[in-house]
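J.: Below you will find the structure I want to go over with you.
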Amino acid sequence: MPELAEVEFFRRVWMRAASVPVLEVQLHPKARPLREVDYEALREGLTGSCLESSSASGKRMCYKFSGNQWLGVHLGMTGELRVEAPGFIPLKHDHLVLRLTKSSLIFADPRMFGRIQYASGADAPPWWRDLPPDLLSPKFSEACVNDFLLRHQGLPLKAAVLLQDGFAGVGNWMADEILWRSHLHPQRKVATLTAAESVAIHAETVAVAREAMRTVAVEKGTTFAEPPQGWLFHTRWGKVGLCPRDGSKLRRETVGGRTTAWCEVCQPKGNKRA
DNA sequence: CAACCTGTTCGCCA
DNA sequence: ATGGCGAACAGGTT
């Protein structure tokens, strides 16, 4: 479920418990998302320490605890972070619970495609180095996008904008939104892009990321909010989804291995000559 | 009941 | 070595 802004939402959820010592760590050692962690090291390391800071990179998060301890979180398809009462009894899919004095921090993931990582040390662990450019940083430039696309000429656009090394945080709905706004057909091959179309992908990626961060990463009850009205997001799953721009019926098909929605009027298959 | 799913990773192949 | 593809991973929902 979680893409860029939803990940940011969840990152903030746990930060509500910053600076409070961890009394106890409970975990499900056999749960798949924890398959890489050294359970004893994590338990001993985090007990008594405080959450100090955190950052997100694309769909990944890293929480830093006192004593130079790093906890990596990827929510996979169905993961979520929650804050519950101190005495909260973990549910079936609550694989990791950090008990604090006034709350419990929960990592839950029913489908178990998520991943928890743990390391200690003064420097960021190997898995939190060499991160891809943030979509909202100057590093994510037109040239950066163009260079990345040049290395993936054979892919359909849909598959290309889902690659996390180049488009960190873009997931299925953001990818469709970006291509819809760019007037580009998801099955177009990267190799057929004109310079102007590459620039459009950059611009719309930034626009979608910025607007999603502004609207979606906001707390609304216990879950994130939805993107603004008028976005493809709201119609792409409907039985008869209609294009928010021209009202024509959306096409839906698997592209690049993922269910993809697009408007055949707005996003013509043909290569518009520059 | 079968199909479907907002994600990654692996092995295979070119 | 690099890039592309399809399967695999699990379990809940439609």
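Chain identifiers are assigned as A, B, and so on, following the order in which chains appear in the structure tokens; residues are numbered from 1 within each chain, and ligands are numbered from 1 in order of appearance.
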Provide as a list in words the residues of chain A at most 9 Å from chain C, counting only C-alpha atoms (C1' of nucleotides).
T.: Pro110, Arg111, Met112, Phe113, Arg151, His152, Gly154, Leu155 and Gly257 of chain A
J.: Go through chain B and flag each residue having an atom no more than 9 Å from chain A; for those, report the closest pair of atoms plus their distance in Å to one decimal, using only C-alpha atoms (C1' of nucleotides), ordered by chain and rising number, as CSV.
T.:
residue,atom,partner,partner_atom,distance
B:DC5,C1',A:Met77,CA,8.7
B:DT6,C1',A:Met1,CA,4.2
B:DG7,C1',A:Met77,CA,5.3
B:DT8,C1',A:Phe113,CA,7.6
J.: Taking the DSSP secondary structure from the backbone, can you list the residues of segment 36-117 of chain A that are alpha helix (DSSP H), as a PyMOL selection string?
T.: chain A and resi 39-46
J.: Could you work out how far atom CA of Leu71 of chain A lies from atom CA of Ala122 of chain A, giving the answer in Å with one decimal?
T.: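 Atom CA of Leu71 of chain A lies 13.4 Å from atom CA of Ala122 of chain A.
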J.: Which residue is closest to Phe9 of chain A? Choose from A:Asp123, A:Glu40, A:Glu204, A:Glu219 and count only C-alpha atoms.
T.: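 Closest residue, counting only C-alpha atoms: A:Glu219.
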J.: Would you mind listing what lies within 10 Å of Glu36 of chain A as a ChimeraX atom specification, with only C-alpha atoms (C1' of nucleotides) counted and same-chain residues fewer than 6 positions away left out?
T.: /A:29,115-118
J.: Convert the current residue selection to file output with all heavy atoms, as a PDB file, in the first residue's frame.
T.:
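Result file follows (result_21.pdb):
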ATOM      1  N   PRO A  29       9.838 -13.649  16.030  1.00  0.00           N
ATOM      2  CA  PRO A  29      11.080 -13.987  15.315  1.00  0.00           C
ATOM      3  C   PRO A  29      10.839 -14.697  13.983  1.00  0.00           C
ATOM      4  O   PRO A  29      11.646 -14.582  13.083  1.00  0.00           O
ATOM      5  CB  PRO A  29      11.795 -14.926  16.288  1.00  0.00           C
ATOM      6  CG  PRO A  29      11.176 -14.686  17.602  1.00  0.00           C
ATOM      7  CD  PRO A  29       9.760 -14.270  17.332  1.00  0.00           C
ATOM      8  N   ARG A 115       9.903  -5.391   5.451  1.00  0.00           N
ATOM      9  CA  ARG A 115      11.225  -5.807   5.924  1.00  0.00           C
ATOM     10  C   ARG A 115      11.724  -4.901   7.028  1.00  0.00           C
ATOM     11  O   ARG A 115      11.662  -3.684   6.925  1.00  0.00           O
ATOM     12  CB  ARG A 115      12.214  -5.776   4.753  1.00  0.00           C
ATOM     13  CG  ARG A 115      13.627  -6.118   5.176  1.00  0.00           C
ATOM     14  CD  ARG A 115      14.474  -6.475   3.993  1.00  0.00           C
ATOM     15  NE  ARG A 115      14.684  -5.335   3.101  1.00  0.00           N
ATOM     16  CZ  ARG A 115      15.709  -5.269   2.252  1.00  0.00           C
ATOM     17  NH1 ARG A 115      16.569  -6.246   2.172  1.00  0.00           N
ATOM     18  NH2 ARG A 115      15.850  -4.225   1.474  1.00  0.00           N
ATOM     19  N   ILE A 116      12.206  -5.515   8.104  1.00  0.00           N
ATOM     20  CA  ILE A 116      12.824  -4.778   9.204  1.00  0.00           C
ATOM     21  C   ILE A 116      14.317  -5.090   9.191  1.00  0.00           C
ATOM     22  O   ILE A 116      14.722  -6.242   8.984  1.00  0.00           O
ATOM     23  CB  ILE A 116      12.237  -5.219  10.567  1.00  0.00           C
ATOM     24  CG1 ILE A 116      10.736  -4.911  10.639  1.00  0.00           C
ATOM     25  CG2 ILE A 116      12.978  -4.564  11.725  1.00  0.00           C
ATOM     26  CD1 ILE A 116      10.409  -3.458  10.784  1.00  0.00           C
ATOM     27  N   GLN A 117      15.137  -4.051   9.385  1.00  0.00           N
ATOM     28  CA  GLN A 117      16.583  -4.248   9.472  1.00  0.00           C
ATOM     29  C   GLN A 117      17.081  -3.585  10.748  1.00  0.00           C
ATOM     30  O   GLN A 117      16.512  -2.598  11.213  1.00  0.00           O
ATOM     31  CB  GLN A 117      17.269  -3.631   8.238  1.00  0.00           C
ATOM     32  CG  GLN A 117      16.959  -4.383   6.948  1.00  0.00           C
ATOM     33  CD  GLN A 117      17.336  -3.593   5.704  1.00  0.00           C
ATOM     34  OE1 GLN A 117      16.787  -2.536   5.440  1.00  0.00           O
ATOM     35  NE2 GLN A 117      18.280  -4.109   4.951  1.00  0.00           N
ATOM     36  N   TYR A 118      18.147  -4.134  11.296  1.00  0.00           N
ATOM     37  CA  TYR A 118      18.704  -3.558  12.521  1.00  0.00           C
ATOM     38  C   TYR A 118      20.226  -3.574  12.459  1.00  0.00           C
ATOM     39  O   TYR A 118      20.820  -4.546  11.984  1.00  0.00           O
ATOM     40  CB  TYR A 118      18.235  -4.349  13.752  1.00  0.00           C
ATOM     41  CG  TYR A 118      18.938  -3.929  15.014  1.00  0.00           C
ATOM     42  CD1 TYR A 118      18.603  -2.729  15.639  1.00  0.00           C
ATOM     43  CD2 TYR A 118      19.963  -4.708  15.567  1.00  0.00           C
ATOM     44  CE1 TYR A 118      19.268  -2.324  16.788  1.00  0.00           C
ATOM     45  CE2 TYR A 118      20.622  -4.306  16.719  1.00  0.00           C
ATOM     46  CZ  TYR A 118      20.270  -3.107  17.315  1.00  0.00           C
ATOM     47  OH  TYR A 118      20.939  -2.704  18.445  1.00  0.00           O
TER      48      TYR A 118
END
J.: Work out how far atom CA of Asp109 of chain A is from atom CA of Gln69 of chain A, in Å to one decimal.
T.: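 About the pair atom CA of Gln69 of chain A and atom CA of Asp109 of chain A: they are 22.6 Å apart.
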J.: What does the distance from atom CA of Arg12 of chain A to atom CA of Phe233 of chain A come to in Å, to one decimal?
T.: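 Atom CA of Phe233 of chain A lies 23.3 Å from atom CA of Arg12 of chain A.
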J.: Please identify which residues in segment 137-244 of chain A DSSP calls strand (DSSP E) from the backbone, and express them as a PyMOL selection string.
T.: chain A and resi 219-220+223-224
